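Q: As input, take final_32.cif (mmCIF, C-alpha atoms):
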```cif
data_final
loop_
_atom_site.label_atom_id
_atom_site.label_comp_id
_atom_site.auth_asym_id
_atom_site.auth_seq_id
_atom_site.Cartn_x
_atom_site.Cartn_y
_atom_site.Cartn_z
CA MET A 1 0.00 0.00 0.00
CA ALA A 2 1.39 3.39 -1.00
CA GLU A 3 2.29 5.83 1.72
CA PRO A 4 0.35 9.10 1.83
CA PRO A 5 2.08 12.01 0.09
CA VAL A 6 4.30 14.30 2.12
CA LEU A 7 3.60 18.03 2.12
CA ILE A 8 6.69 20.21 1.66
CA ARG A 9 6.02 23.82 2.60
CA GLN A 10 7.34 26.97 0.95
CA ASP A 11 9.93 27.67 3.65
CA GLU A 12 11.22 24.09 3.41
CA VAL A 13 11.51 24.31 -0.38
CA GLU A 14 13.41 27.59 0.00
CA ASP A 15 15.88 25.99 2.41
CA LEU A 16 16.43 22.93 0.20
CA LEU A 17 16.99 24.64 -3.18
CA HIS A 18 20.38 26.17 -3.94
CA TYR A 19 21.49 27.54 -7.31
CA LYS A 20 24.84 25.72 -7.24
CA ASP A 21 22.90 22.44 -7.18
CA LEU A 22 20.16 23.53 -9.57
CA ILE A 23 22.04 24.94 -12.53
CA PRO A 24 24.05 21.80 -13.47
CA ARG A 25 20.90 19.66 -13.27
CA LEU A 26 18.98 22.11 -15.42
CA GLU A 27 21.71 22.11 -18.06
CA VAL A 28 21.51 18.33 -18.28
CA ALA A 29 17.71 18.47 -18.64
CA LEU A 30 17.89 21.16 -21.33
CA ARG A 31 20.45 19.12 -23.28
CA LYS A 32 18.28 16.02 -23.20
CA PHE A 33 15.15 17.94 -24.19
CA SER A 34 16.80 19.45 -27.26
CA LYS A 35 17.97 16.07 -28.50
CA LEU A 36 14.28 15.46 -29.33
CA ASP A 37 14.42 11.90 -28.04
CA SER A 38 10.90 10.96 -26.97
CA ALA A 39 12.30 7.88 -25.27
CA GLU A 40 14.21 10.18 -22.91
CA VAL A 41 11.96 13.17 -22.25
CA ILE A 42 8.17 13.34 -22.52
CA GLN A 43 6.77 16.84 -22.14
CA PRO A 44 3.59 18.05 -23.87
CA VAL A 45 3.07 21.76 -24.40
CA ARG A 46 1.45 23.43 -21.40
CA THR A 47 -2.36 23.12 -21.31
CA THR A 48 -4.18 26.27 -20.23
CA VAL A 49 -7.68 26.81 -18.90
CA PRO A 50 -8.92 30.43 -19.18
CA LEU A 51 -10.18 32.10 -16.00
CA GLN A 52 -11.82 35.03 -17.74
CA LYS A 53 -13.75 36.16 -14.68
CA TYR A 54 -10.43 36.82 -12.92
CA ASN A 55 -8.29 37.74 -15.95
CA GLY A 56 -6.12 34.68 -15.56
CA PHE A 57 -5.32 31.13 -16.61
CA LEU A 58 -4.73 27.74 -15.05
CA GLY A 59 -1.72 26.02 -16.60
CA LEU A 60 -0.98 22.29 -16.36
CA MET A 61 2.64 21.28 -16.95
CA PRO A 62 3.29 17.51 -16.84
CA ALA A 63 6.66 15.94 -17.62
CA TYR A 64 8.35 12.55 -17.45
CA LEU A 65 12.14 12.15 -17.56
CA VAL A 66 12.45 8.48 -18.40
CA HIS A 67 15.99 7.54 -17.38
CA GLU A 68 15.83 9.59 -14.18
CA ASP A 69 12.35 8.12 -13.59
CA ILE A 70 10.90 11.49 -12.60
CA LEU A 71 7.15 11.97 -13.12
CA CYS A 72 5.88 15.39 -12.14
CA THR A 73 3.11 17.88 -12.80
CA LYS A 74 2.91 21.55 -11.91
CA LEU A 75 -0.41 23.34 -11.65
CA VAL A 76 -0.02 27.09 -11.88
CA CYS A 77 -2.56 29.91 -11.93
CA PHE A 78 -1.26 33.13 -13.44
CA TYR A 79 -3.07 36.45 -13.68
CA LYS A 80 -2.86 39.85 -15.33
CA ARG A 81 -3.31 41.97 -12.21
CA GLU A 82 -4.30 45.62 -12.16
CA SER A 83 -1.53 48.07 -11.24
CA GLY A 84 -1.31 48.35 -7.48
CA SER A 85 -3.05 45.02 -6.81
CA THR A 86 -1.91 43.26 -3.64
CA LEU A 87 -2.80 39.85 -5.09
CA SER A 88 -0.04 37.57 -6.37
CA SER A 89 0.26 37.21 -10.14
CA THR A 90 1.00 33.47 -9.78
CA GLN A 91 0.13 30.58 -7.48
CA ALA A 92 1.67 27.18 -8.07
CA THR A 93 1.65 23.63 -6.68
CA VAL A 94 3.98 20.81 -7.74
CA LEU A 95 3.03 17.12 -7.55
CA LEU A 96 5.79 14.49 -7.62
CA PHE A 97 4.60 10.97 -8.51
CA ASP A 98 5.92 7.46 -8.16
CA PRO A 99 6.03 6.50 -11.86
CA GLU A 100 5.65 2.77 -11.20
CA TYR A 101 2.66 2.84 -8.86
CA GLY A 102 1.09 6.13 -9.92
CA ASN A 103 0.66 7.56 -6.45
CA VAL A 104 1.61 11.11 -5.46
CA LYS A 105 4.79 10.99 -3.35
CA ALA A 106 4.98 14.69 -2.50
CA VAL A 107 2.96 17.87 -2.76
CA MET A 108 5.18 20.96 -2.82
CA ASP A 109 4.62 24.67 -2.81
CA GLY A 110 5.46 25.67 -6.37
CA GLU A 111 6.20 29.36 -5.91
CA VAL A 112 9.84 28.97 -4.90
CA ILE A 113 10.43 26.20 -7.44
CA THR A 114 8.99 28.38 -10.21
CA ALA A 115 10.95 31.46 -9.20
CA LYS A 116 14.28 29.69 -8.75
CA ARG A 117 14.15 27.42 -11.78
CA THR A 118 13.12 30.33 -14.01
CA ALA A 119 15.94 32.52 -12.72
CA ALA A 120 18.44 29.67 -13.02
CA VAL A 121 17.56 29.11 -16.68
CA SER A 122 17.89 32.85 -17.34
CA ALA A 123 21.34 32.67 -15.75
CA ILE A 124 22.24 29.78 -18.06
CA SER A 125 21.18 31.92 -21.02
CA ALA A 126 23.38 34.76 -19.79
CA LYS A 127 26.33 32.43 -19.23
CA LEU A 128 26.05 31.34 -22.85
CA LEU A 129 25.05 34.60 -24.54
CA MET A 130 25.93 37.77 -22.61
CA PRO A 131 28.90 39.90 -23.74
CA ALA A 132 32.25 38.58 -22.54
CA LYS A 133 32.71 41.78 -20.55
CA SER A 134 29.41 42.51 -18.81
CA ASP A 135 29.40 45.16 -16.10
CA VAL A 136 25.82 46.48 -15.97
CA LEU A 137 22.71 44.44 -15.13
CA THR A 138 19.24 46.00 -15.43
CA ILE A 139 16.12 44.36 -14.04
CA LEU A 140 12.74 45.60 -15.30
CA GLY A 141 10.14 44.62 -12.72
CA ALA A 142 10.37 44.33 -8.95
CA GLY A 143 8.35 41.27 -7.90
CA HIS A 144 9.29 37.75 -6.80
CA GLN A 145 10.90 36.89 -10.12
CA ALA A 146 12.96 40.08 -9.97
CA LEU A 147 14.37 39.03 -6.61
CA SER A 148 15.15 35.46 -7.69
CA HIS A 149 16.88 36.80 -10.81
CA TYR A 150 18.85 39.34 -8.77
CA ASN A 151 19.98 36.59 -6.42
CA VAL A 152 21.17 34.12 -9.05
CA PHE A 153 22.71 36.75 -11.35
CA THR A 154 24.71 38.39 -8.58
CA GLU A 155 25.71 34.99 -7.17
CA THR A 156 26.82 33.67 -10.57
CA PHE A 157 28.33 36.78 -12.20
CA SER A 158 30.28 39.86 -11.12
CA PHE A 159 28.41 42.99 -12.21
CA LYS A 160 29.75 46.39 -11.25
CA GLU A 161 26.30 47.98 -11.34
CA VAL A 162 22.74 46.69 -10.85
CA ARG A 163 19.75 48.83 -11.81
CA VAL A 164 16.03 48.30 -11.29
CA TRP A 165 12.91 49.88 -12.75
CA SER A 166 9.25 49.30 -11.94
CA ARG A 167 6.05 51.06 -12.99
CA ARG A 168 5.64 52.10 -9.36
CA LYS A 169 8.78 53.74 -8.04
CA GLU A 170 7.98 52.80 -4.44
CA THR A 171 7.91 49.12 -5.46
CA ALA A 172 11.36 49.44 -7.05
CA GLU A 173 12.64 51.21 -3.94
CA ARG A 174 11.35 48.42 -1.68
CA PHE A 175 13.03 45.87 -3.95
CA ALA A 176 16.34 47.75 -3.82
CA GLN A 177 16.18 47.94 -0.03
CA SER A 178 15.47 44.21 0.24
CA THR A 179 18.62 43.14 -1.60
CA GLN A 180 21.98 42.47 -0.03
CA GLY A 181 23.91 44.64 -2.48
CA HIS A 182 23.76 48.12 -3.92
CA VAL A 183 20.89 48.53 -6.41
CA THR A 184 19.98 51.87 -8.01
CA VAL A 185 16.38 52.78 -8.85
CA TRP A 186 15.73 54.43 -12.22
CA GLU A 187 12.79 56.58 -13.27
CA SER A 188 12.34 55.29 -16.81
CA VAL A 189 13.02 52.11 -18.77
CA GLU A 190 15.04 54.03 -21.36
CA GLU A 191 17.38 55.42 -18.71
CA ALA A 192 17.61 52.11 -16.85
CA VAL A 193 18.69 50.11 -19.90
CA ASN A 194 21.00 52.72 -21.42
CA GLY A 195 24.39 51.01 -21.75
CA ALA A 196 23.26 47.86 -19.93
CA ASP A 197 25.02 44.64 -20.91
CA VAL A 198 22.34 42.32 -19.55
CA ILE A 199 18.64 43.18 -19.26
CA VAL A 200 16.12 40.99 -17.43
CA THR A 201 12.42 41.68 -18.06
CA VAL A 202 10.18 40.27 -15.34
CA THR A 203 7.16 42.54 -15.69
CA GLY A 204 3.43 41.96 -15.79
CA ALA A 205 3.22 43.86 -19.08
CA SER A 206 0.92 42.88 -21.92
CA GLU A 207 2.26 45.64 -24.21
CA PRO A 208 5.97 46.30 -24.97
CA VAL A 209 7.97 48.09 -22.28
CA LEU A 210 11.44 47.51 -23.78
CA PHE A 211 12.24 48.98 -27.20
CA GLY A 212 15.08 47.99 -29.49
CA GLN A 213 16.28 51.54 -30.03
CA TRP A 214 17.20 51.72 -26.34
CA VAL A 215 19.17 48.46 -26.20
CA LYS A 216 22.95 48.55 -26.56
CA PRO A 217 24.16 46.51 -29.57
CA GLY A 218 25.48 43.19 -28.34
CA ALA A 219 23.45 43.23 -25.12
CA HIS A 220 21.68 40.12 -23.84
CA VAL A 221 18.00 40.24 -22.86
CA ALA A 222 16.37 37.54 -20.73
CA ALA A 223 12.63 38.06 -21.31
CA VAL A 224 10.63 36.26 -18.64
CA GLY A 225 7.21 37.93 -18.52
CA ALA A 226 4.46 37.90 -21.18
CA CYS A 227 3.69 34.17 -21.14
CA ARG A 228 0.57 34.34 -23.34
CA PRO A 229 0.23 34.62 -27.15
CA ASP A 230 -1.26 38.12 -26.89
CA TRP A 231 1.05 39.52 -24.19
CA ARG A 232 4.35 41.27 -24.92
CA GLU A 233 7.31 42.89 -23.18
CA LEU A 234 9.60 43.55 -26.19
CA ASP A 235 8.88 45.56 -29.35
CA ASP A 236 9.18 44.42 -32.97
CA VAL A 237 12.48 46.22 -33.51
CA LEU A 238 14.23 44.37 -30.71
CA MET A 239 12.70 40.99 -31.56
CA ARG A 240 13.63 41.28 -35.24
CA GLN A 241 17.15 42.65 -34.81
CA ALA A 242 18.17 40.16 -32.11
CA GLU A 243 19.09 36.50 -32.35
CA VAL A 244 16.27 34.78 -30.48
CA TYR A 245 16.88 31.79 -28.22
CA VAL A 246 14.20 29.83 -26.33
CA ASP A 247 13.87 26.93 -23.93
CA SER A 248 11.41 25.13 -26.23
CA ARG A 249 10.65 25.98 -29.87
CA GLU A 250 7.30 24.23 -29.67
CA GLY A 251 6.30 26.15 -26.56
CA ALA A 252 7.57 29.49 -27.88
CA VAL A 253 5.65 29.45 -31.16
CA ALA A 254 2.47 28.46 -29.30
CA GLU A 255 2.68 30.73 -26.25
CA SER A 256 5.03 33.69 -26.70
CA GLY A 257 3.36 36.90 -27.84
CA ASP A 258 6.81 38.46 -28.22
CA ILE A 259 7.63 35.89 -30.90
CA ILE A 260 4.20 35.35 -32.46
CA LEU A 261 3.21 39.00 -32.82
CA SER A 262 6.61 40.23 -34.02
CA GLY A 263 7.08 37.43 -36.52
CA ALA A 264 10.59 36.89 -35.15
CA LYS A 265 12.38 33.65 -36.00
CA VAL A 266 13.74 31.37 -33.30
CA PHE A 267 17.45 30.82 -33.83
CA ALA A 268 18.05 28.08 -31.27
CA GLU A 269 17.03 26.38 -28.05
CA LEU A 270 19.41 26.72 -25.11
CA GLY A 271 19.74 22.95 -25.10
CA GLU A 272 21.02 23.04 -28.67
CA VAL A 273 23.73 25.50 -27.65
CA LEU A 274 24.65 23.31 -24.68
CA ASN A 275 24.79 20.30 -27.03
CA GLY A 276 27.02 22.19 -29.46
CA THR A 277 24.59 21.83 -32.38
CA ARG A 278 23.83 25.58 -32.56
CA PRO A 279 26.23 28.46 -31.79
CA ALA A 280 26.09 31.01 -29.00
CA LEU A 281 26.23 34.31 -30.90
CA ARG A 282 27.65 36.24 -27.97
CA GLU A 283 28.89 39.10 -30.14
CA LYS A 284 25.34 39.89 -31.36
CA THR A 285 22.28 41.29 -29.61
CA THR A 286 20.50 38.27 -28.16
CA VAL A 287 17.09 37.62 -26.63
CA PHE A 288 16.30 34.57 -24.54
CA LYS A 289 12.53 34.20 -24.43
CA SER A 290 11.73 32.17 -21.33
CA LEU A 291 8.43 30.33 -20.96
CA GLY A 292 9.37 27.60 -18.52
CA MET A 293 9.06 23.86 -18.97
CA GLY A 294 7.71 20.97 -16.95
CA ILE A 295 11.05 19.18 -17.02
CA GLN A 296 12.59 22.10 -15.14
CA ASP A 297 10.01 21.74 -12.36
CA ALA A 298 10.49 17.97 -12.38
CA VAL A 299 14.25 18.18 -11.89
CA PHE A 300 13.81 20.58 -8.98
CA ALA A 301 11.00 18.57 -7.41
CA LYS A 302 13.16 15.45 -7.34
CA LEU A 303 16.03 17.40 -5.78
CA VAL A 304 13.77 18.90 -3.11
CA PHE A 305 12.26 15.50 -2.29
CA GLU A 306 15.63 13.78 -2.03
CA GLN A 307 17.06 16.48 0.20
CA TRP A 308 13.90 16.49 2.32
CA LYS A 309 14.23 12.71 2.84
CA ASN A 310 17.89 13.07 3.80
CA LYS A 311 17.38 15.83 6.33
CA PRO A 312 18.83 14.93 9.74
#
```
For the structure just supplied, provide its representation as structure tokens.

A:
Amino acid sequence: MAEPPVLIRQDEVEDLLHYKDLIPRLEVALRKFSKLDSAEVIQPVRTTVPLQKYNGFLGLMPAYLVHEDILCTKLVCFYKRESGSTLSSTQATVLLFDPEYGNVKAVMDGEVITAKRTAAVSAISAKLLMPAKSDVLTILGAGHQALSHYNVFTETFSFKEVRVWSRRKETAERFAQSTQGHVTVWESVEEAVNGADVIVTVTGASEPVLFGQWVKPGAHVAAVGACRPDWRELDDVLMRQAEVYVDSREGAVAESGDIILSGAKVFAELGEVLNGTRPALREKTTVFKSLGMGIQDAVFAKLVFEQWKNKP
């Protein structure tokens, strides 16, 4: 008889997930995904259920990594909140299964997993694509994803300057005060990104907030927001002049408004770059359009569960 599932709370997930452990595992998962071997990785495109009454969606993200024997599903509600709303833009729960028996082994808070795995993949994109000499990091947005990206980018790289912008200046100021390092708050996006080597967009925007004419040639943009076909963060100029990288081609052409509405072509998946089948065009302006994948949640869920079991 299967044991009842364990419940792993948000604070426990936070304590058990560390970027130094996460990033190598994610790179392995991305490599395997981009080999297009259905005997190795099974991951359908995210299914979404509209929540029109609340201006949101329920997303279901199942994945099975065969050789690692990881079966996992994330259920995530994401919303387009009004400016100034105190409600979270996302709520997520991760279910880890026993693939042989079919029972749920663990139920985990998905907020930390989502934030950390998304930021870790953005950091992988920067490691592969940002200019060799990168001194200035700009973060557009000041929510949970902004903080997770700040943490992994400053832990992984050595920037001389970190800037932040948010639609509400007080939100950006609170973000800056919450960080361990020195972060400067900027009044406008144009000023914040002027001369920046790496730009992270983690906004709730549905219309472009970052324009190509403002972006330094050769800069790297990690675009994390705008996860629906009719939502955007980046304008046509930037999308068309940059080399565009994604986590999943299939997911990007189905879900990314930045790609669909601009008509931009996807140059490569990150996994293809890691596999050496596509180049990292570090000398050019690059955009990594992040949408997130079930295999990323699955890798993290297994790590959390194993570390939870091994706690003293």

Q: Using all atoms listed in the file, can you list as number ranges by chain the residues within 6 Å of (6.3, 13.4, -15.3)?

A: A: 62-64, 70-72

Q: Kindly indicate which residue among A:Val246, A:Leu30, A:Val304, A:Val185 lies nearest to A:Val266, using only C-alpha atoms for the distances.

A: A:Val246

Q: Suppose a student applies the PyMOL selection byres ((chain A and resi 105) around 12) to this structure; what residues should they get, written as a PyMOL selection string?

A: chain A and resi 2-8+70-73+94-104+106-108+301-302+304-306+309

Q: Pick the closest to A:Asp297 from A:Cys77, A:Phe57, A:Glu82, A:Thr118: which is it, counting all atoms listed in the file?

A: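 That would be A:Thr118, the residue with the smallest distance to A:Asp297.
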
Q: Just say which residues the PyMOL selection byres ((chain A and resi 66) around 7) picks in this file, as a ChimeraX atom specification.

A: /A:39-41,64-65,67-70

Q: To verify the selection step, state as a PDB file with C-alpha atoms, in the frame of the given file which residues the PyMOL selection byres ((chain A and resi 112) around 7) yields on this input.

A:
```pdb
ATOM      1  CA  GLN A  10       7.340  26.970   0.950  1.00  0.00           C
ATOM      2  CA  VAL A  13      11.510  24.310  -0.380  1.00  0.00           C
ATOM      3  CA  GLU A  14      13.410  27.590   0.000  1.00  0.00           C
ATOM      4  CA  GLY A 110       5.460  25.670  -6.370  1.00  0.00           C
ATOM      5  CA  GLU A 111       6.200  29.360  -5.910  1.00  0.00           C
ATOM      6  CA  ILE A 113      10.430  26.200  -7.440  1.00  0.00           C
ATOM      7  CA  THR A 114       8.990  28.380 -10.210  1.00  0.00           C
ATOM      8  CA  ALA A 115      10.950  31.460  -9.200  1.00  0.00           C
ATOM      9  CA  LYS A 116      14.280  29.690  -8.750  1.00  0.00           C
TER      10      LYS A 116
END
```

Q: So which one's closest to A:Ala254, A:Pro44, A:Gly195, A:Pro24, A:Gly143? Using only C-alpha atoms, please.

A: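 Checking each candidate against A:Ala254, we get A:Pro44 as the closest.
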
Q: Please measure the separation of atom CA of A:Leu128 and atom CA of A:Ile23, giving the value in Å to one decimal.

A: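 Atom CA of A:Ile23 lies 12.8 Å from atom CA of A:Leu128.
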
Q: For A:Lys133, work out the shell of residues within 12 Å, counting only C-alpha atoms and skipping chain neighbours fewer than 6 positions away, then give it as a list of chain:residue names.

A: A:Ala126, A:Lys127, A:Phe157, A:Ser158, A:Phe159, A:Lys160, A:Ala196, A:Asp197, A:Val198, A:Gly218, A:Ala219, A:His220, A:Arg282, A:Glu283

Q: Hey, can you spit out that residue selection with C-alpha atoms as an mmCIF file, in the coordinates of the input?

A:
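Okay, this is what ended up in part32.cif:
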```
data_model
loop_
_atom_site.group_PDB
_atom_site.id
_atom_site.type_symbol
_atom_site.label_atom_id
_atom_site.label_comp_id
_atom_site.auth_asym_id
_atom_site.auth_seq_id
_atom_site.Cartn_x
_atom_site.Cartn_y
_atom_site.Cartn_z
ATOM 1 C CA ALA A 126 23.380 34.760 -19.790
ATOM 2 C CA LYS A 127 26.330 32.430 -19.230
ATOM 3 C CA PHE A 157 28.330 36.780 -12.200
ATOM 4 C CA SER A 158 30.280 39.860 -11.120
ATOM 5 C CA PHE A 159 28.410 42.990 -12.210
ATOM 6 C CA LYS A 160 29.750 46.390 -11.250
ATOM 7 C CA ALA A 196 23.260 47.860 -19.930
ATOM 8 C CA ASP A 197 25.020 44.640 -20.910
ATOM 9 C CA VAL A 198 22.340 42.320 -19.550
ATOM 10 C CA GLY A 218 25.480 43.190 -28.340
ATOM 11 C CA ALA A 219 23.450 43.230 -25.120
ATOM 12 C CA HIS A 220 21.680 40.120 -23.840
ATOM 13 C CA ARG A 282 27.650 36.240 -27.970
ATOM 14 C CA GLU A 283 28.890 39.100 -30.140
#
```

Q: Tell me, in Å to one decimal, how far atom CA of A:Leu261 is from atom CA of A:Thr203.

A: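 Atom-to-atom, atom CA of A:Leu261 to atom CA of A:Thr203, that is 17.9 Å.
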